[in-house]
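See structure below.
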Protein chains: 2
Amino acid sequence: MNYQLDEQVGFVLRKATQRHLGIFADNIPDFTPTQFAALAKLCELGQVSQNELGRKTAMDAATIKGVIDRLRKRDLVATTRDPNDQRRLFVQPTKEGRETYLNFEQAAHNITRETLAPLDATEQQIFVKMLGKLV
Amino acid sequence: MNYQLDEQVGFVLRKATQRHLGIFADNIPDFTPTQFAALAKLCELGQVSQNELGRKTAMDAATIKGVIDRLRKRDLVATTRDPNDQRRLFVQPTKEGRETYLNFEQAAHNITRETLAPLDATEQQIFVKMLGKLV
DNA sequence: CAAAATCTATTTGTATACTAACGAGTTTTC
DNA sequence: GAAAACTCGTTAGTATACAAATAGATTTTG
C-alpha cells in the first residue's frame, strides 16, 4: 500500500495554494483572492445577479453572499433589485470599485508571474494547460 | 493589460482544489482531507507533538489544534503531556484510529488516481513534478 | 389555470486557514 | 544566573467554503 501523504496530489495542491495565498497577500493586502476575483469579474461584466457572479467565480450562493456583503460595506460594489425578477439582486461595481480594481490590476499580474516563477516559460505553459484539465 | 480571471493560476488552482475536495468527499465522507492527512501522518510517525504534526501536514498551530480536537472527540487520537517539556502535547493514534486509517487507505489512493484521471500517465508524472516545484 | 419544479437569495452550522495576541515553559546569550 | 529570545499550545477574530433548510418569486407542465 504505502500511502505517502507528501506524494498525494491533494496534499501538494493544498501546499501550492498556501504558497499562492501568501504571494497574493504580499502583493494585494487589501483584498482576499476571492474578493478580488469577484471585483475583477464584476468590472469585466458590468452588471450581473449575485448568484450568477458566484457561478462565474466558482463560489456557491452562500459564499458569494458574504463576499458581496464585505465589498458593499467598503462601497466598492452596489446592489439593486431586478425590477423584472424580484428574486434577483443585481450587483455593480461603484466608481470607487472600478478605480480600486484598476489600481491593483498590475499587481494581480505580478501575483500570477510570481506564483509560476519556479517554472521556466515552457513549463509554465504546460503546467497551466494541465491544471486546466483538472477542473 | 487585459486581466482574464479564468486564466490566472490562482483561480484555476482554486477550481482544481474544489474538484479534488468533491472527489475526496465522495470517497471518504467520514473525514475532511485535513483530518485524514493528520491521521495518516500520525499513523506514519507514531507519536509527535501537536505543533510538529501541524508542521508536517502544512497546518499552523491554530489549525492543527482544531483538527486534533475533532479527532480526539471521536477517539481516533489521544494526547499526553511530554514529561520532559511541560509545554509539549504528544499526540498518538488510538487502536481505533489506526484501524480506521487502514480501512480508508485504499480509498485515499483512489482519490489521488481519480483526481489525476483527466491526464494520461505521462502527463500525471510531469504534472505532479511541476506542482511540487510550486510549493 | 393550477400544481410541480426550478431558481433566487438568505440563514445556520461545521470545518478549514490565517493573523495576532497571550501565558507559560525552555534555551540561548552575555 | 538573569535577561532576552524562542517555542508551545490556546484563544479570539476574520474570511472562505460547503451542506442543508427556508421563503419568495418565476417557469414549466399536465
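Chain lettering (A, B, ...) mirrors the order of the C-alpha cells, residue numbering begins at 1 for each chain separately, and ligand numbering begins at 1 in order of display.
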Legend entry - Selection near segment 19-33 of chain A, 7 Å with only C-alpha atoms (C1' of nucleotides), sequence-local residues under 3 positions removed, as an NGL selection string: (:A and (15-16 or 36-37 or 107 or 111 or 115)) or (:B and (10 or 135))
Legend entry - Counting only C-alpha atoms (C1' of nucleotides), chain C residues within 10 Å of chain A, as a ChimeraX atom specification: /C:7-11,17-18
Export of prior selection with C-alpha atoms (C1' of nucleotides) as a PDB file, in the first residue's frame:
ATOM      1  C1'  DC C   7     -34.370  29.467  -9.257  1.00  0.00           C
ATOM      2  C1'  DT C   8     -33.131  33.339  -6.143  1.00  0.00           C
ATOM      3  C1'  DA C   9     -31.161  34.818  -2.061  1.00  0.00           C
ATOM      4  C1'  DT C  10     -30.681  34.003   2.812  1.00  0.00           C
ATOM      5  C1'  DT C  11     -29.624  31.686   7.220  1.00  0.00           C
ATOM      6  C1'  DA C  17      -6.911  28.616   7.390  1.00  0.00           C
ATOM      7  C1'  DC C  18      -4.550  32.630   8.768  1.00  0.00           C
TER       8       DC C  18
END
Inset, instruction - Can you pull out every residue within 6 Å of Ala78 of chain A, counting only C-alpha atoms (C1' of nucleotides), but drop anything in the same chain fewer than 4 positions away, and send it as JSON, numbers by chain? - result: {"A": [72, 91, 92]}
Output the selection as a PDB file, in the first residue's frame - C-alpha atoms for each residue.
ATOM      1  CA  ARG A  72     -20.519  46.537  -0.331  1.00  0.00           C
ATOM      2  CA  VAL A  91     -24.548  43.768  -8.391  1.00  0.00           C
ATOM      3  CA  GLN A  92     -22.466  46.511  -9.998  1.00  0.00           C
TER       4      GLN A  92
END
Least-squares fit on all C-alpha atoms, paired in order: put chain B onto chain A and return it as a CSV table (one decimal) with C-alpha atoms, in the first residue's frame.
chain,number,residue,atom,x,y,z
B,1,MET,CA,-0.1,0.0,-0.1
B,2,ASN,CA,2.4,2.5,1.2
B,3,TYR,CA,0.4,5.7,1.4
B,4,GLN,CA,2.8,8.6,1.4
B,5,LEU,CA,0.9,11.8,2.3
B,6,ASP,CA,3.5,14.0,0.8
B,7,GLU,CA,3.1,12.4,-2.6
B,8,GLN,CA,-0.7,12.8,-2.9
B,9,VAL,CA,-1.9,15.4,-5.3
B,10,GLY,CA,-4.4,16.8,-2.9
B,11,PHE,CA,-1.8,17.5,-0.3
B,12,VAL,CA,0.6,19.1,-2.7
B,13,LEU,CA,-2.2,21.0,-4.2
B,14,ARG,CA,-3.1,22.4,-0.8
B,15,LYS,CA,0.5,23.4,-0.2
B,16,ALA,CA,0.8,25.1,-3.6
B,17,THR,CA,-2.4,27.0,-2.8
B,18,GLN,CA,-1.0,28.1,0.5
B,19,ARG,CA,2.1,29.5,-1.1
B,20,HIS,CA,0.0,31.3,-3.7
B,21,LEU,CA,-2.1,32.8,-1.0
B,22,GLY,CA,1.0,34.1,0.7
B,23,ILE,CA,2.2,35.7,-2.6
B,24,PHE,CA,-1.3,37.2,-3.0
B,25,ALA,CA,-1.4,38.7,0.4
B,26,ASP,CA,2.1,40.2,-0.1
B,27,ASN,CA,1.1,41.9,-3.4
B,28,ILE,CA,-2.5,42.8,-2.6
B,29,PRO,CA,-3.0,43.1,1.2
B,30,ASP,CA,-6.3,45.0,0.7
B,31,PHE,CA,-8.2,42.0,-0.7
B,32,THR,CA,-8.5,38.3,-0.4
B,33,PRO,CA,-8.2,36.4,-3.6
B,34,THR,CA,-11.9,35.7,-3.7
B,35,GLN,CA,-12.9,39.3,-3.1
B,36,PHE,CA,-10.5,40.4,-5.8
B,37,ALA,CA,-11.9,37.7,-8.2
B,38,ALA,CA,-15.4,38.9,-7.6
B,39,LEU,CA,-14.5,42.5,-8.1
B,40,ALA,CA,-12.5,41.7,-11.3
B,41,LYS,CA,-15.3,39.6,-12.8
B,42,LEU,CA,-17.8,42.3,-11.9
B,43,CYS,CA,-15.7,45.0,-13.6
B,44,GLU,CA,-15.5,42.7,-16.6
B,45,LEU,CA,-19.2,42.1,-16.8
B,46,GLY,CA,-20.6,45.4,-15.6
B,47,GLN,CA,-23.8,44.1,-14.1
B,48,VAL,CA,-24.8,40.6,-13.0
B,49,SER,CA,-27.0,38.9,-10.4
B,50,GLN,CA,-25.3,37.9,-7.3
B,51,ASN,CA,-25.7,34.2,-7.8
B,52,GLU,CA,-24.5,34.4,-11.4
B,53,LEU,CA,-21.5,36.2,-10.3
B,54,GLY,CA,-20.9,33.4,-7.9
B,55,ARG,CA,-21.1,30.9,-10.7
B,56,LYS,CA,-18.6,32.8,-12.8
B,57,THR,CA,-16.1,33.0,-9.9
B,58,ALA,CA,-16.6,29.5,-8.6
B,59,MET,CA,-18.4,30.4,-5.4
B,60,ASP,CA,-21.6,28.9,-4.2
B,61,ALA,CA,-24.6,31.1,-3.2
B,62,ALA,CA,-23.7,31.2,0.4
B,63,THR,CA,-20.0,32.2,-0.2
B,64,ILE,CA,-20.6,34.9,-2.8
B,65,LYS,CA,-23.2,36.5,-0.5
B,66,GLY,CA,-20.5,37.0,2.2
B,67,VAL,CA,-18.0,38.3,-0.3
B,68,ILE,CA,-20.5,40.8,-1.8
B,69,ASP,CA,-21.5,41.9,1.7
B,70,ARG,CA,-17.9,42.8,2.5
B,71,LEU,CA,-17.3,44.6,-0.8
B,72,ARG,CA,-20.5,46.5,-0.3
B,73,LYS,CA,-19.6,47.5,3.2
B,74,ARG,CA,-16.5,49.2,1.6
B,75,ASP,CA,-18.6,50.8,-1.1
B,76,LEU,CA,-16.8,49.0,-3.9
B,77,VAL,CA,-19.9,47.4,-5.2
B,78,ALA,CA,-23.6,48.3,-5.1
B,79,THR,CA,-26.7,46.2,-5.3
B,80,THR,CA,-30.2,46.8,-6.8
B,81,ARG,CA,-33.3,44.6,-7.2
B,82,ASP,CA,-34.0,43.3,-10.7
B,83,PRO,CA,-37.4,45.0,-11.5
B,84,ASN,CA,-38.2,42.0,-13.8
B,85,ASP,CA,-37.5,39.4,-11.3
B,86,GLN,CA,-38.1,40.2,-7.7
B,87,ARG,CA,-35.8,37.4,-6.5
B,88,ARG,CA,-32.7,38.7,-8.3
B,89,LEU,CA,-30.2,41.0,-6.8
B,90,PHE,CA,-28.1,42.9,-9.4
B,91,VAL,CA,-24.6,43.8,-8.4
B,92,GLN,CA,-22.5,46.5,-10.0
B,93,PRO,CA,-19.1,47.9,-9.3
B,94,THR,CA,-19.1,51.5,-8.0
B,95,LYS,CA,-16.8,54.2,-9.4
B,96,GLU,CA,-14.5,53.6,-6.5
B,97,GLY,CA,-14.7,49.9,-7.1
B,98,ARG,CA,-13.5,50.2,-10.7
B,99,GLU,CA,-10.7,52.6,-9.7
B,100,THR,CA,-9.5,50.3,-6.9
B,101,TYR,CA,-9.6,47.3,-9.3
B,102,LEU,CA,-7.5,49.1,-11.9
B,103,ASN,CA,-5.0,50.1,-9.3
B,104,PHE,CA,-4.4,46.5,-8.5
B,105,GLU,CA,-4.6,45.0,-12.0
B,106,GLN,CA,-0.8,45.2,-12.4
B,107,ALA,CA,-0.2,43.7,-9.0
B,108,ALA,CA,-2.6,40.9,-9.9
B,109,HIS,CA,-0.5,40.1,-12.9
B,110,ASN,CA,2.6,40.0,-10.8
B,111,ILE,CA,1.0,37.5,-8.5
B,112,THR,CA,0.5,35.1,-11.3
B,113,ARG,CA,4.0,35.6,-12.5
B,114,GLU,CA,5.5,35.2,-9.1
B,115,THR,CA,3.4,32.1,-8.4
B,116,LEU,CA,4.7,30.4,-11.6
B,117,ALA,CA,8.3,31.7,-11.2
B,118,PRO,CA,9.8,28.3,-10.1
B,119,LEU,CA,8.9,27.0,-13.6
B,120,ASP,CA,10.6,28.2,-16.8
B,121,ALA,CA,8.5,29.6,-19.6
B,122,THR,CA,7.8,26.3,-21.4
B,123,GLU,CA,6.9,24.5,-18.2
B,124,GLN,CA,4.6,27.3,-17.2
B,125,GLN,CA,2.6,26.9,-20.4
B,126,ILE,CA,2.4,23.1,-20.0
B,127,PHE,CA,1.5,23.4,-16.3
B,128,VAL,CA,-1.4,25.8,-16.7
B,129,LYS,CA,-2.7,23.8,-19.6
B,130,MET,CA,-2.6,20.6,-17.5
B,131,LEU,CA,-4.1,22.3,-14.5
B,132,GLY,CA,-6.9,23.5,-16.7
B,133,LYS,CA,-7.7,19.8,-17.5
B,134,LEU,CA,-8.1,19.1,-13.8
B,135,VAL,CA,-11.0,21.4,-13.4
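Those residues that approach DT27 of chain C to within 12 Å, counting only C-alpha atoms (C1' of nucleotides), are DG25 and DT29 of chain C; DA4, DA5, DC6 and DT7 of chain D; same-chain residues fewer than 2 positions away are not listed.
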Please, which residues in chain D fall within 12 Å of chain B when counting only C-alpha atoms (C1' of nucleotides), and what is the closest atom pair and distance in Å to one decimal for each, ordered by chain then residue number, as CSV?
residue,atom,partner,partner_atom,distance
D:DT7,C1',B:Arg87,CA,8.4
D:DC8,C1',B:Arg87,CA,5.2
D:DG9,C1',B:Arg87,CA,7.0
D:DT10,C1',B:Ala62,CA,7.9
D:DT11,C1',B:Ala62,CA,9.0
D:DA12,C1',B:Ala62,CA,11.0
D:DT16,C1',B:Arg14,CA,11.3
D:DA17,C1',B:Gln18,CA,9.1
D:DC18,C1',B:Gly22,CA,9.9
D:DA19,C1',B:Ala25,CA,11.9
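Running DSSP on the backbone gives strand (DSSP E) for these residues within chain B: Val48, Ser49, Val77, Ala78, Thr79, Thr80, Arg81, Asp82, Asp85, Gln86, Arg87, Arg88, Leu89, Phe90, Val91, Gln92 and Pro93 of chain B.
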Please dump the current selection as a tab-separated table (two decimals), in the first residue's frame; keep C-alpha atoms.
chain	number	residue	atom	x	y	z
B	48	VAL	CA	4.68	13.57	17.73
B	49	SER	CA	3.89	16.83	19.42
B	77	VAL	CA	-6.21	10.03	18.58
B	78	ALA	CA	-5.13	10.56	22.18
B	79	THR	CA	-2.93	13.21	23.75
B	80	THR	CA	-0.47	13.17	26.66
B	81	ARG	CA	1.87	15.75	28.14
B	82	ASP	CA	5.55	15.41	27.39
B	85	ASP	CA	8.75	19.55	28.34
B	86	GLN	CA	5.64	20.77	30.04
B	87	ARG	CA	4.66	22.83	27.03
B	88	ARG	CA	4.51	19.91	24.63
B	89	LEU	CA	1.42	17.88	23.92
B	90	PHE	CA	2.15	14.46	22.46
B	91	VAL	CA	-0.41	13.05	20.06
B	92	GLN	CA	-0.77	9.35	19.21
B	93	PRO	CA	-3.26	7.40	17.15
Inset, instruction - Report as a ChimeraX atom specification: the residues of chain B with a DSSP assignment of helix (DSSP H, G or I), based on the backbone of this structure. - result: /B:5-7,9-27,33-45,50-56,61-73,95-116,121-133
Could you take the residues named above and write them with C-alpha atoms, as an mmCIF file, in the first residue's frame?
data_model
loop_
_atom_site.group_PDB
_atom_site.id
_atom_site.type_symbol
_atom_site.label_atom_id
_atom_site.label_comp_id
_atom_site.auth_asym_id
_atom_site.auth_seq_id
_atom_site.Cartn_x
_atom_site.Cartn_y
_atom_site.Cartn_z
ATOM 1 C CA LEU B 5 -9.596 35.904 -14.253
ATOM 2 C CA ASP B 6 -10.123 32.489 -15.787
ATOM 3 C CA GLU B 7 -6.516 32.368 -16.932
ATOM 4 C CA VAL B 9 -3.124 30.330 -11.887
ATOM 5 C CA GLY B 10 -4.647 31.139 -8.536
ATOM 6 C CA PHE B 11 -8.161 30.913 -9.865
ATOM 7 C CA VAL B 12 -7.591 27.654 -11.721
ATOM 8 C CA LEU B 13 -5.765 26.309 -8.699
ATOM 9 C CA ARG B 14 -8.802 27.044 -6.569
ATOM 10 C CA LYS B 15 -11.131 25.316 -9.006
ATOM 11 C CA ALA B 16 -8.875 22.280 -9.216
ATOM 12 C CA THR B 17 -8.873 22.122 -5.432
ATOM 13 C CA GLN B 18 -12.653 22.331 -5.353
ATOM 14 C CA ARG B 19 -12.917 19.420 -7.736
ATOM 15 C CA HIS B 20 -10.465 17.430 -5.654
ATOM 16 C CA LEU B 21 -12.412 18.162 -2.464
ATOM 17 C CA GLY B 22 -15.530 16.827 -4.134
ATOM 18 C CA ILE B 23 -13.756 13.630 -5.123
ATOM 19 C CA PHE B 24 -12.415 13.300 -1.604
ATOM 20 C CA ALA B 25 -15.847 13.721 -0.031
ATOM 21 C CA ASP B 26 -17.281 11.086 -2.371
ATOM 22 C CA ASN B 27 -14.626 8.528 -1.456
ATOM 23 C CA PRO B 33 -8.805 15.998 3.771
ATOM 24 C CA THR B 34 -7.001 17.768 6.585
ATOM 25 C CA GLN B 35 -8.316 15.381 9.212
ATOM 26 C CA PHE B 36 -7.264 12.421 7.121
ATOM 27 C CA ALA B 37 -3.872 13.971 6.460
ATOM 28 C CA ALA B 38 -3.300 14.443 10.181
ATOM 29 C CA LEU B 39 -4.379 10.888 10.973
ATOM 30 C CA ALA B 40 -2.267 9.432 8.155
ATOM 31 C CA LYS B 41 0.833 11.346 9.201
ATOM 32 C CA LEU B 42 0.256 10.355 12.787
ATOM 33 C CA CYS B 43 -0.012 6.665 11.910
ATOM 34 C CA GLU B 44 3.211 7.031 9.953
ATOM 35 C CA LEU B 45 5.099 8.744 12.780
ATOM 36 C CA GLN B 50 0.808 18.639 18.197
ATOM 37 C CA ASN B 51 2.653 21.563 16.662
ATOM 38 C CA GLU B 52 5.173 19.322 14.924
ATOM 39 C CA LEU B 53 2.355 17.293 13.438
ATOM 40 C CA GLY B 54 0.965 20.558 12.176
ATOM 41 C CA ARG B 55 4.269 21.395 10.511
ATOM 42 C CA LYS B 56 4.416 18.025 8.809
ATOM 43 C CA ALA B 61 -0.725 25.805 15.301
ATOM 44 C CA ALA B 62 -4.262 27.152 15.426
ATOM 45 C CA THR B 63 -5.478 24.901 12.623
ATOM 46 C CA ILE B 64 -3.931 21.651 13.830
ATOM 47 C CA LYS B 65 -5.412 22.281 17.258
ATOM 48 C CA GLY B 66 -8.956 22.230 15.901
ATOM 49 C CA VAL B 67 -8.241 19.168 13.790
ATOM 50 C CA ILE B 68 -6.786 17.226 16.730
ATOM 51 C CA ASP B 69 -9.689 18.310 18.942
ATOM 52 C CA ARG B 70 -12.142 16.788 16.475
ATOM 53 C CA LEU B 71 -10.168 13.585 16.034
ATOM 54 C CA ARG B 72 -9.848 13.224 19.795
ATOM 55 C CA LYS B 73 -13.562 13.728 20.259
ATOM 56 C CA LYS B 95 -6.100 1.471 18.126
ATOM 57 C CA GLU B 96 -9.381 2.574 16.606
ATOM 58 C CA GLY B 97 -7.617 5.414 14.853
ATOM 59 C CA ARG B 98 -5.124 3.065 13.240
ATOM 60 C CA GLU B 99 -7.837 0.675 12.151
ATOM 61 C CA THR B 100 -9.957 3.431 10.697
ATOM 62 C CA TYR B 101 -6.978 4.803 8.843
ATOM 63 C CA LEU B 102 -6.158 1.403 7.326
ATOM 64 C CA ASN B 103 -9.772 0.982 6.245
ATOM 65 C CA PHE B 104 -9.540 4.126 4.169
ATOM 66 C CA GLU B 105 -6.015 3.767 2.842
ATOM 67 C CA GLN B 106 -7.184 2.212 -0.410
ATOM 68 C CA ALA B 107 -9.876 4.845 -0.824
ATOM 69 C CA ALA B 108 -7.213 7.509 -0.353
ATOM 70 C CA HIS B 109 -5.234 6.046 -3.219
ATOM 71 C CA ASN B 110 -8.330 6.063 -5.359
ATOM 72 C CA ILE B 111 -8.819 9.758 -4.629
ATOM 73 C CA THR B 112 -5.386 10.575 -5.996
ATOM 74 C CA ARG B 113 -5.992 8.406 -9.043
ATOM 75 C CA GLU B 114 -9.400 9.916 -9.730
ATOM 76 C CA THR B 115 -8.133 13.455 -9.268
ATOM 77 C CA LEU B 116 -5.420 12.887 -11.865
ATOM 78 C CA ALA B 121 0.154 8.504 -17.307
ATOM 79 C CA THR B 122 2.997 10.602 -18.721
ATOM 80 C CA GLU B 123 1.224 13.872 -18.068
ATOM 81 C CA GLN B 124 0.464 12.838 -14.497
ATOM 82 C CA GLN B 125 4.140 12.359 -13.729
ATOM 83 C CA ILE B 126 5.064 15.696 -15.252
ATOM 84 C CA PHE B 127 2.223 17.489 -13.553
ATOM 85 C CA VAL B 128 2.964 16.210 -10.063
ATOM 86 C CA LYS B 129 6.625 17.034 -10.529
ATOM 87 C CA MET B 130 5.838 20.601 -11.625
ATOM 88 C CA LEU B 131 3.296 21.073 -8.876
ATOM 89 C CA GLY B 132 5.959 20.020 -6.421
ATOM 90 C CA LYS B 133 8.142 22.874 -7.656
#
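The spacing separating atom C1' of DA3 of chain C from atom C1' of DT28 of chain D amounts to 10.4 Å.
Taking atom C1' of DT14 of chain C as the reference point, atom C1' of DG24 of chain D is found at 27.0 Å.
Put simply, atom C1' of DG1 of chain D is 20.1 Å away from atom C1' of DA24 of chain C.
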